[in-house]
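For reference, final_13.cif is printed below; it contains mmCIF, C-alpha atoms.
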```cif
data_target
loop_
_atom_site.label_atom_id
_atom_site.label_comp_id
_atom_site.auth_asym_id
_atom_site.auth_seq_id
_atom_site.Cartn_x
_atom_site.Cartn_y
_atom_site.Cartn_z
CA MET X 327 37.14 31.86 -59.94
CA THR X 328 36.55 28.53 -58.16
CA SER X 329 33.03 27.16 -58.63
CA THR X 330 30.89 25.81 -55.83
CA THR X 331 31.20 22.31 -57.31
CA GLU X 332 35.00 22.57 -57.28
CA GLN X 333 34.93 23.85 -53.71
CA PHE X 334 32.94 20.80 -52.63
CA ALA X 335 35.29 18.52 -54.55
CA ASP X 336 38.26 19.97 -52.72
CA VAL X 337 36.60 19.44 -49.35
CA ALA X 338 35.48 15.91 -50.25
CA ALA X 339 39.08 15.05 -51.10
CA THR X 340 40.31 15.90 -47.61
CA THR X 341 42.54 13.01 -46.58
CA LEU X 342 42.16 12.96 -42.83
CA LEU X 343 41.28 9.69 -41.10
CA ARG X 344 40.51 9.51 -37.40
CA PHE X 345 40.89 5.99 -36.07
CA ALA X 346 41.02 4.27 -32.70
CA THR X 347 42.67 1.06 -31.57
CA ALA X 348 41.20 -1.35 -29.05
CA GLY X 349 42.13 -4.76 -27.77
CA SER X 350 42.39 -6.89 -24.68
CA VAL X 351 45.37 -6.78 -22.33
CA ASP X 352 48.55 -8.16 -23.93
CA ASP X 353 47.02 -8.42 -27.40
CA GLY X 354 49.86 -6.20 -28.61
CA LYS X 355 47.89 -3.04 -29.30
CA SER X 356 50.57 -0.54 -28.31
CA THR X 357 53.15 -2.61 -30.19
CA LEU X 358 50.99 -2.40 -33.31
CA VAL X 359 50.72 1.37 -32.99
CA GLY X 360 54.46 1.65 -32.38
CA ARG X 361 55.19 -0.55 -35.37
CA LEU X 362 52.82 1.50 -37.52
CA LEU X 363 54.54 4.74 -36.52
CA HIS X 364 58.04 3.29 -36.82
CA ASP X 365 57.69 1.54 -40.17
CA SER X 366 55.84 4.47 -41.74
CA LYS X 367 58.78 6.66 -40.66
CA SER X 368 56.56 8.79 -38.43
CA VAL X 369 58.83 8.67 -35.38
CA LEU X 370 61.29 11.45 -34.61
CA THR X 371 64.91 10.45 -34.07
CA ASP X 372 64.98 11.62 -30.45
CA GLN X 373 61.79 9.66 -29.69
CA LEU X 374 63.28 6.48 -31.10
CA GLU X 375 66.53 7.03 -29.22
CA ALA X 376 64.61 7.44 -25.95
CA VAL X 377 62.74 4.18 -26.57
CA GLU X 378 66.01 2.41 -27.41
CA ARG X 379 67.58 3.62 -24.14
CA VAL X 380 64.64 2.46 -22.01
CA SER X 381 64.54 -0.88 -23.83
CA ALA X 382 68.30 -1.40 -23.38
CA SER X 383 68.04 -0.61 -19.66
CA ARG X 384 65.54 -3.46 -19.40
CA GLY X 385 67.89 -5.86 -21.12
CA GLN X 386 65.88 -6.01 -24.35
CA ASP X 387 67.80 -6.61 -27.57
CA ALA X 388 65.38 -4.65 -29.79
CA PRO X 389 63.46 -1.42 -29.15
CA ASP X 390 60.10 -1.96 -27.43
CA LEU X 391 57.90 -0.04 -29.86
CA ALA X 392 54.99 -0.10 -27.39
CA LEU X 393 56.84 2.61 -25.46
CA LEU X 394 56.12 5.05 -28.28
CA THR X 395 52.51 5.27 -27.10
CA ASP X 396 52.54 4.20 -23.46
CA GLY X 397 53.66 7.54 -22.07
CA LEU X 398 52.50 7.35 -18.44
CA ARG X 399 54.97 5.97 -15.92
CA ALA X 400 52.38 3.50 -14.61
CA GLU X 401 51.80 2.30 -18.17
CA ARG X 402 55.48 1.65 -18.74
CA GLU X 403 55.97 -0.06 -15.39
CA GLN X 404 52.98 -2.38 -15.81
CA GLY X 405 53.23 -2.85 -19.56
CA ILE X 406 49.62 -1.79 -20.09
CA THR X 407 47.73 1.14 -21.55
CA ILE X 408 45.70 3.18 -19.05
CA ASP X 409 44.78 6.45 -20.73
CA VAL X 410 43.92 7.36 -24.32
CA ALA X 411 47.09 8.30 -26.21
CA TYR X 412 46.63 10.48 -29.27
CA ARG X 413 49.18 10.41 -32.06
CA TYR X 414 49.32 12.45 -35.25
CA PHE X 415 51.13 11.21 -38.32
CA ALA X 416 50.89 11.34 -42.08
CA THR X 417 51.86 9.45 -45.22
CA ALA X 418 51.92 10.67 -48.79
CA ARG X 419 48.31 9.55 -49.20
CA ARG X 420 46.54 10.60 -46.00
CA ARG X 421 46.81 12.33 -42.63
CA PHE X 422 45.88 10.43 -39.46
CA ILE X 423 44.72 11.13 -35.93
CA LEU X 424 45.18 7.95 -33.91
CA ALA X 425 43.61 7.27 -30.52
CA ASP X 426 45.27 4.34 -28.74
CA THR X 427 42.71 3.25 -26.14
CA PRO X 428 43.07 0.96 -23.10
CA GLY X 429 42.06 -2.68 -23.13
CA HIS X 430 41.06 -3.27 -19.51
CA VAL X 431 37.38 -3.64 -18.66
CA GLN X 432 37.64 -0.84 -16.11
CA TYR X 433 38.80 1.55 -18.83
CA THR X 434 35.80 1.04 -21.14
CA ARG X 435 35.00 4.74 -20.69
CA ASN X 436 38.41 5.60 -22.13
CA MET X 437 37.64 3.59 -25.26
CA VAL X 438 34.36 5.47 -25.59
CA THR X 439 36.30 8.73 -25.48
CA GLY X 440 38.77 7.63 -28.13
CA ALA X 441 36.24 6.04 -30.49
CA SER X 442 33.55 8.73 -30.22
CA THR X 443 35.02 10.72 -33.13
CA ALA X 444 36.64 7.83 -35.01
CA ASP X 445 35.94 6.97 -38.64
CA LEU X 446 37.50 3.54 -38.10
CA ALA X 447 38.29 1.22 -35.20
CA VAL X 448 41.08 -1.35 -35.18
CA VAL X 449 40.16 -4.23 -32.85
CA LEU X 450 43.07 -6.52 -32.00
CA VAL X 451 42.77 -10.20 -31.21
CA ASP X 452 45.53 -12.52 -30.00
CA ALA X 453 45.61 -15.37 -32.53
CA ARG X 454 46.26 -17.83 -29.70
CA ASN X 455 43.15 -16.82 -27.77
CA GLY X 456 40.68 -15.93 -30.51
CA VAL X 457 37.53 -13.88 -29.91
CA ILE X 458 37.12 -13.38 -26.16
CA GLU X 459 34.74 -11.44 -23.93
CA GLN X 460 36.69 -8.20 -24.25
CA THR X 461 36.76 -8.53 -28.04
CA ARG X 462 32.98 -8.67 -28.08
CA ARG X 463 32.83 -5.72 -25.71
CA HIS X 464 34.99 -3.59 -27.99
CA ALA X 465 32.94 -4.56 -31.04
CA ALA X 466 29.77 -3.59 -29.17
CA VAL X 467 31.17 -0.19 -28.17
CA ALA X 468 32.22 0.48 -31.76
CA ALA X 469 28.70 -0.40 -32.92
CA LEU X 470 27.09 1.79 -30.26
CA LEU X 471 29.25 4.73 -31.30
CA ARG X 472 28.34 4.15 -34.98
CA VAL X 473 31.96 3.75 -36.08
CA PRO X 474 31.49 3.07 -39.80
CA HIS X 475 34.57 0.90 -40.41
CA VAL X 476 36.05 -1.83 -38.20
CA VAL X 477 39.34 -3.64 -38.82
CA LEU X 478 39.91 -6.97 -37.10
CA ALA X 479 43.69 -7.28 -36.68
CA VAL X 480 44.50 -10.89 -35.75
CA ASN X 481 47.84 -10.36 -34.06
CA LYS X 482 50.69 -12.70 -33.06
CA MET X 483 50.25 -14.88 -36.11
CA ASP X 484 53.94 -15.76 -35.72
CA LEU X 485 53.04 -17.62 -32.51
CA VAL X 486 50.55 -19.89 -34.30
CA GLY X 487 52.82 -20.74 -37.21
CA TYR X 488 51.11 -18.25 -39.54
CA GLU X 489 48.31 -20.80 -40.00
CA GLU X 490 45.55 -19.69 -42.35
CA GLN X 491 42.94 -21.85 -40.61
CA VAL X 492 43.53 -20.10 -37.29
CA PHE X 493 42.97 -16.70 -38.90
CA ALA X 494 39.94 -17.83 -40.90
CA LYS X 495 38.15 -19.22 -37.84
CA ILE X 496 38.68 -16.03 -35.81
CA ALA X 497 37.68 -13.78 -38.72
CA GLU X 498 34.48 -15.75 -39.33
CA GLU X 499 33.43 -15.65 -35.65
CA PHE X 500 34.14 -11.94 -35.23
CA THR X 501 32.52 -10.93 -38.52
CA ALA X 502 29.32 -12.78 -37.64
CA TYR X 503 29.15 -11.11 -34.21
CA ALA X 504 29.95 -7.59 -35.44
CA SER X 505 27.51 -7.92 -38.34
CA ASP X 506 24.74 -8.80 -35.90
CA LEU X 507 25.53 -5.55 -34.08
CA GLY X 508 25.05 -3.61 -37.29
CA VAL X 509 28.68 -2.74 -38.04
CA PRO X 510 28.50 -1.83 -41.75
CA GLU X 511 32.03 -2.80 -42.84
CA ILE X 512 34.46 -5.30 -41.32
CA THR X 513 37.94 -6.03 -42.69
CA ALA X 514 40.07 -8.84 -41.21
CA ILE X 515 43.88 -8.69 -41.51
CA PRO X 516 46.37 -11.27 -40.14
CA ILE X 517 49.41 -9.53 -38.61
CA SER X 518 52.40 -9.83 -36.35
CA ALA X 519 52.98 -6.42 -34.81
CA LEU X 520 56.23 -7.55 -33.18
CA ALA X 521 57.73 -8.83 -36.44
CA GLY X 522 56.04 -6.28 -38.67
CA ASP X 523 54.05 -8.75 -40.78
CA ASN X 524 51.23 -7.03 -42.73
CA VAL X 525 51.41 -3.84 -40.68
CA VAL X 526 53.17 -1.56 -43.16
CA GLU X 527 54.93 -4.15 -45.35
CA PRO X 528 53.32 -7.34 -46.71
CA SER X 529 54.27 -10.52 -44.90
CA ALA X 530 56.59 -13.05 -46.50
CA HIS X 531 55.15 -15.72 -44.19
CA MET X 532 51.48 -15.50 -45.22
CA ASP X 533 51.35 -15.85 -48.98
CA TRP X 534 47.83 -17.23 -48.56
CA TYR X 535 46.63 -13.72 -47.64
CA GLY X 536 46.01 -11.43 -50.60
CA GLY X 537 44.45 -8.43 -48.86
CA PRO X 538 45.93 -5.07 -47.85
CA THR X 539 48.30 -4.37 -45.00
CA VAL X 540 46.97 -2.36 -42.08
CA LEU X 541 48.51 0.86 -43.41
CA GLU X 542 47.27 0.22 -46.95
CA HIS X 543 43.74 -0.19 -45.66
CA LEU X 544 44.01 2.92 -43.50
CA GLU X 545 45.23 4.90 -46.51
CA THR X 546 42.49 3.73 -48.87
CA VAL X 547 39.37 3.15 -46.75
CA PRO X 548 36.66 5.53 -47.99
CA VAL X 549 35.79 8.33 -45.56
CA SER X 550 32.59 10.19 -46.27
CA HIS X 551 32.97 13.95 -46.55
CA ASP X 552 29.77 14.61 -48.47
CA LEU X 553 28.92 17.94 -46.89
CA THR X 554 25.59 18.17 -48.70
CA ALA X 555 24.32 14.86 -47.29
CA CYS X 556 23.51 16.10 -43.78
CA PRO X 557 21.18 19.01 -42.96
CA ALA X 558 22.97 22.14 -41.79
CA ARG X 559 23.29 22.67 -38.05
CA PHE X 560 24.84 25.87 -36.67
CA PRO X 561 25.06 26.12 -32.85
CA VAL X 562 25.51 29.75 -31.84
CA GLN X 563 28.55 30.23 -29.64
CA TYR X 564 28.77 34.00 -29.38
CA VAL X 565 26.75 37.05 -30.43
CA ILE X 566 28.89 39.79 -32.00
CA ARG X 567 27.65 43.39 -31.66
CA PRO X 568 30.58 45.82 -31.93
CA GLN X 569 28.33 48.97 -31.88
CA THR X 570 31.15 51.08 -33.26
CA ALA X 571 31.02 54.04 -35.62
CA GLU X 572 32.22 51.75 -38.41
CA HIS X 573 29.69 49.00 -37.61
CA PRO X 574 26.81 50.65 -35.72
CA ASP X 575 24.17 48.06 -36.62
CA TYR X 576 26.25 44.91 -37.05
CA ARG X 577 24.73 41.83 -35.39
CA GLY X 578 26.40 38.51 -36.12
CA TYR X 579 26.14 35.03 -34.66
CA ALA X 580 29.48 33.26 -34.40
CA GLY X 581 30.16 29.56 -34.10
CA GLN X 582 31.32 26.41 -35.85
CA ILE X 583 29.09 24.72 -38.40
CA ALA X 584 28.39 21.27 -36.97
CA SER X 585 27.15 19.72 -40.21
CA GLY X 586 25.94 20.54 -43.68
CA VAL X 587 26.12 23.74 -45.70
CA LEU X 588 24.87 27.30 -45.12
CA ARG X 589 24.07 29.64 -48.02
CA VAL X 590 23.25 33.33 -48.22
CA GLY X 591 19.56 33.76 -49.02
CA GLU X 592 18.56 30.49 -47.35
CA ALA X 593 15.50 30.45 -45.09
CA VAL X 594 16.43 29.32 -41.60
CA THR X 595 14.75 28.58 -38.28
CA VAL X 596 16.20 29.48 -34.91
CA LEU X 597 15.69 26.83 -32.25
CA PRO X 598 14.29 26.31 -29.70
CA SER X 599 12.25 29.52 -30.23
CA GLY X 600 11.09 28.47 -33.71
CA ARG X 601 11.46 31.97 -35.16
CA THR X 602 12.38 32.22 -38.83
CA SER X 603 14.53 34.48 -40.95
CA VAL X 604 16.83 34.48 -43.98
CA ILE X 605 20.64 34.38 -44.02
CA ALA X 606 21.66 37.87 -45.09
CA GLY X 607 25.40 37.30 -44.97
CA ILE X 608 28.19 34.94 -43.90
CA ASP X 609 31.57 36.19 -42.73
CA ALA X 610 34.57 33.85 -42.71
CA LEU X 611 38.13 34.92 -41.88
CA GLY X 612 37.21 38.57 -42.27
CA GLN X 613 35.67 38.10 -45.70
CA SER X 614 32.05 37.91 -46.83
CA VAL X 615 31.24 34.60 -48.53
CA ASP X 616 28.12 33.19 -50.18
CA ILE X 617 28.51 29.67 -48.83
CA ALA X 618 30.11 27.90 -45.86
CA TRP X 619 30.26 24.30 -44.72
CA ALA X 620 31.21 22.12 -41.75
CA PRO X 621 33.50 22.36 -39.88
CA GLN X 622 34.19 26.01 -40.73
CA SER X 623 33.94 28.65 -38.02
CA VAL X 624 31.92 31.58 -39.34
CA THR X 625 29.69 34.48 -38.37
CA VAL X 626 26.14 34.40 -39.71
CA ARG X 627 24.04 37.54 -40.21
CA LEU X 628 20.26 37.31 -40.48
CA ALA X 629 17.82 39.58 -42.29
CA ASP X 630 15.69 40.07 -39.16
CA ASP X 631 16.54 41.18 -35.64
CA ILE X 632 15.74 38.10 -33.56
CA ASP X 633 16.50 37.44 -29.92
CA ILE X 634 19.30 34.89 -30.30
CA SER X 635 21.88 33.95 -27.70
CA ARG X 636 24.57 31.36 -27.04
CA GLY X 637 23.12 27.86 -27.17
CA ASP X 638 20.51 28.57 -29.83
CA LEU X 639 20.74 26.55 -33.03
CA ILE X 640 20.24 27.85 -36.57
CA ALA X 641 19.03 25.28 -39.10
CA PRO X 642 17.40 25.28 -42.56
CA SER X 643 13.65 25.82 -42.33
CA VAL X 644 13.08 22.94 -44.75
CA ASN X 645 14.70 20.38 -42.43
CA PRO X 646 15.07 21.55 -38.82
CA PRO X 647 15.63 19.10 -35.97
CA ALA X 648 12.73 18.38 -33.63
CA THR X 649 12.83 20.00 -30.20
CA THR X 650 12.14 18.00 -27.08
CA GLN X 651 12.41 18.09 -23.30
CA ASP X 652 12.37 14.30 -23.00
CA VAL X 653 15.72 12.90 -24.06
CA ILE X 654 15.85 9.13 -24.53
CA ALA X 655 19.41 7.99 -25.04
CA THR X 656 22.19 5.51 -24.45
CA VAL X 657 24.88 6.80 -22.10
CA CYS X 658 28.30 5.61 -21.05
CA HIS X 659 28.90 6.52 -17.43
CA VAL X 660 32.43 7.91 -17.05
CA ALA X 661 32.52 9.22 -13.47
CA ASP X 662 33.46 7.32 -10.33
CA GLN X 663 30.29 8.48 -8.59
CA PRO X 664 27.11 6.61 -9.63
CA LEU X 665 24.37 8.12 -11.79
CA SER X 666 21.02 7.42 -10.10
CA VAL X 667 17.37 7.89 -10.95
CA GLY X 668 16.31 11.33 -9.72
CA ALA X 669 19.78 12.84 -10.07
CA ARG X 670 19.90 16.57 -10.83
CA VAL X 671 22.36 17.17 -13.65
CA LEU X 672 23.34 19.65 -16.31
CA LEU X 673 22.97 18.51 -19.92
CA LYS X 674 25.44 20.05 -22.38
CA HIS X 675 24.44 19.75 -26.04
CA THR X 676 26.65 21.58 -28.55
CA THR X 677 26.87 25.12 -27.08
CA ARG X 678 23.72 24.83 -24.94
CA THR X 679 23.70 23.79 -21.28
CA VAL X 680 20.42 23.24 -19.44
CA LYS X 681 19.24 21.81 -16.13
CA ALA X 682 17.90 18.27 -16.26
CA ILE X 683 16.70 15.35 -14.15
CA VAL X 684 17.41 11.68 -14.73
CA LYS X 685 13.82 10.45 -14.69
CA GLU X 686 14.46 6.82 -15.49
CA ILE X 687 17.19 4.27 -16.17
CA PRO X 688 15.24 1.57 -18.05
CA SER X 689 18.17 -0.79 -18.55
CA ARG X 690 21.87 -1.43 -18.26
CA LEU X 691 23.60 -3.12 -21.17
CA THR X 692 25.67 -6.25 -20.57
CA LEU X 693 28.23 -5.94 -23.35
CA ASP X 694 29.39 -9.54 -23.03
CA ASP X 695 26.18 -10.97 -24.49
CA LEU X 696 24.22 -7.76 -25.32
CA SER X 697 21.53 -8.62 -22.78
CA GLN X 698 19.61 -5.86 -20.98
CA HIS X 699 19.49 -5.72 -17.19
CA PRO X 700 16.15 -3.98 -16.50
CA ASN X 701 15.74 -1.05 -14.11
CA PRO X 702 19.19 -1.11 -12.47
CA GLY X 703 18.42 2.06 -10.53
CA GLN X 704 21.86 3.50 -11.18
CA LEU X 705 24.87 3.33 -13.46
CA VAL X 706 28.43 3.12 -12.17
CA ALA X 707 31.75 3.84 -13.86
CA ASN X 708 32.07 2.17 -17.29
CA ASP X 709 28.41 1.10 -17.35
CA ILE X 710 26.44 1.65 -20.56
CA GLY X 711 22.70 1.98 -20.21
CA ARG X 712 19.51 3.56 -21.46
CA VAL X 713 18.28 6.71 -19.71
CA VAL X 714 15.31 9.05 -19.87
CA VAL X 715 16.29 12.64 -19.07
CA ARG X 716 13.85 15.53 -18.66
CA THR X 717 15.31 18.95 -19.44
CA ALA X 718 14.23 22.33 -18.12
CA GLU X 719 14.26 23.82 -21.63
CA PRO X 720 13.66 22.32 -25.08
CA LEU X 721 16.67 20.98 -26.99
CA ALA X 722 17.11 20.73 -30.76
CA LEU X 723 18.53 17.23 -30.71
CA ASP X 724 19.18 14.96 -33.70
CA ALA X 725 19.34 11.19 -33.40
CA TYR X 726 22.93 10.03 -32.90
CA ALA X 727 22.49 7.61 -35.81
CA ASP X 728 21.89 10.65 -38.06
CA SER X 729 24.51 12.99 -36.61
CA ARG X 730 27.26 12.07 -34.18
CA ARG X 731 27.86 15.79 -33.50
CA THR X 732 24.34 17.06 -32.80
CA GLY X 733 23.08 13.72 -31.52
CA SER X 734 25.57 13.54 -28.65
CA PHE X 735 25.62 15.27 -25.28
CA LEU X 736 27.25 15.26 -21.84
CA LEU X 737 25.68 14.93 -18.41
CA ILE X 738 27.52 17.11 -15.89
CA ASP X 739 27.47 17.35 -12.11
CA PRO X 740 26.07 20.84 -11.35
CA ALA X 741 27.97 20.98 -8.05
CA ASP X 742 31.53 20.72 -9.34
CA GLY X 743 31.36 20.48 -13.15
CA THR X 744 32.47 16.84 -13.28
CA THR X 745 31.49 15.02 -16.47
CA LEU X 746 29.20 12.16 -15.45
CA ALA X 747 28.19 10.51 -18.70
CA ALA X 748 28.50 10.74 -22.46
CA GLY X 749 25.17 10.33 -24.21
CA MET X 750 23.93 9.24 -27.64
CA ALA X 751 20.35 10.26 -28.41
CA GLY X 752 17.87 7.91 -30.03
CA GLU X 753 17.94 4.18 -30.64
CA SER X 754 20.86 1.94 -29.77
CA PHE X 755 21.63 -1.29 -31.61
CA ALA X 756 20.01 -3.31 -28.80
CA SER X 757 16.33 -3.37 -27.88
CA GLN X 758 15.17 -1.30 -25.00
CA ALA X 759 11.91 -0.66 -23.19
CA ARG X 760 10.61 2.66 -21.97
CA THR X 761 8.34 2.74 -18.97
CA THR X 762 6.09 5.53 -17.78
CA VAL X 763 8.01 8.53 -16.45
CA GLN X 764 6.94 9.31 -12.93
CA ALA X 765 6.40 12.88 -11.73
CA ASP X 766 9.05 14.49 -9.58
CA ASP X 767 7.98 16.47 -6.55
CA GLU X 768 11.26 17.82 -5.22
CA GLY X 769 11.45 21.12 -7.07
CA TRP X 770 13.00 20.14 -10.40
CA ASP X 771 9.84 18.83 -12.07
CA PHE X 772 10.02 20.03 -15.67
#
```

The structure given in the file should be rewritten as structure tokens.
Amino acid sequence: MTSTTEQFADVAATTLLRFATAGSVDDGKSTLVGRLLHDSKSVLTDQLEAVERVSASRGQDAPDLALLTDGLRAEREQGITIDVAYRYFATARRRFILADTPGHVQYTRNMVTGASTADLAVVLVDARNGVIEQTRRHAAVAALLRVPHVVLAVNKMDLVGYEEQVFAKIAEEFTAYASDLGVPEITAIPISALAGDNVVEPSAHMDWYGGPTVLEHLETVPVSHDLTACPARFPVQYVIRPQTAEHPDYRGYAGQIASGVLRVGEAVTVLPSGRTSVIAGIDALGQSVDIAWAPQSVTVRLADDIDISRGDLIAPSVNPPATTQDVIATVCHVADQPLSVGARVLLKHTTRTVKAIVKEIPSRLTLDDLSQHPNPGQLVANDIGRVVVRTAEPLALDAYADSRRTGSFLLIDPADGTTLAAGMAGESFASQARTTVQADDEGWDF
């Protein structure tokens, strides 16, 4: 029989890496992704043939590998990336989920979407241009989203004669900037995506570089899967009460474990009510188990009959999250309509959705130089700013720095369900000031 230690070892060895790419317009980001897929033999024959046909119709001698990711017609016509393109591929050493994100300033929100679940971000820089405003913006977004690993891919080295000094200067400038933002690990790699240098195969033109290729780094970068490191969080999605002759008294709480480990016999607290009980049983895939861990979907049974419904959160009594109605967070505004002080919104956190009011917008972040524009009054599309949101009901919210899953939330337009902003609770990397929250007298004063 497999021991608990062996079970954890198996989970910790899971070789899935989620990573996102970012870069300014014409830095060669889609070409890098195409080269990565092509040279790692992750492209189907019919896909490659389609790219070859389109490339030939344009008079190009070689296949334009950027077409492997730029799937929208507007993207192909303009030669740019507009939407996030997800690609799934695998090597003998690891499986990958790749999010190719746009480079334009007006698509910052798309990068936020792609990088929000990433373990690693690849930031491209054109070796001819060096670190530019958009490079700093992408580094700042990666830092805000707490992406643990960042790769600086200095592309188009073939156009600067594969000069080591050019690469070294760019790497030094970017590393200093990203380190100031708090990015924990930065790896710089000189590449030519068009020629294939240091993407999958080592370059014959840069013998001065002794580091890994892009694929080698992606295959070997450590990804933390220590399931015992984070406290358990179990948002209830559905209450199961069959009330059948076979199961007359069955009451189970179904959902996906957001983090940590649940064990039978463990004392737990149900939030936001604060009521306590003990885990009497865990059902997974039709079988009773003694232990379950993130991201398994399970049904939890408690020893006591407690009023629990969708949106409640079950957590260990020894380390439950704090509940609050005053959410202080950094948000990226993703809707075309502005988000203003006083706006009535819905806040969706895990499986819980509550009414809320935007009480204050203390600052808007200028990603170019990380300065704070105080009291902007509103946020527009692609803006990133600090907000104070008052909710109608308490939320069991972790800090985003501690848990990207239970520290994140969405602000939603209650009128039509449009997603307005993606939020990250707690401190951002930049300083912010909180002013006194004024009372609201229009009926939604919580």

For the atom pair CA of Asp652 (chain X) and CA of Ala669 (chain X), what is the interatomic distance in Å to one decimal place?
->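 Computing it gives 15.0 Å between the two atoms.
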
Would you list the residues near (34.4, 24.4, -42.8) (no more than 10 Å away, in the coordinates of the file, using only C-alpha atoms) as a PyMOL selection string?
-> chain X and resi 337+553+582-587+610+617-624

To one decimal in Å, tell me the separation between CA of Thr717 (chain X) and CA of Thr602 (chain X).
-> 23.7 Å

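We find CA of Leu541 (chain X) and CA of Glu511 (chain X) to be spaced 16.9 Å apart.
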
Which residues match the PyMOL selection byres ((chain X and resi 705-710) around 9) in the file above, as an MDAnalysis selection string?
-> chainID X and resid 431:436 656:666 687 689:693 702:704 711:712 746:747
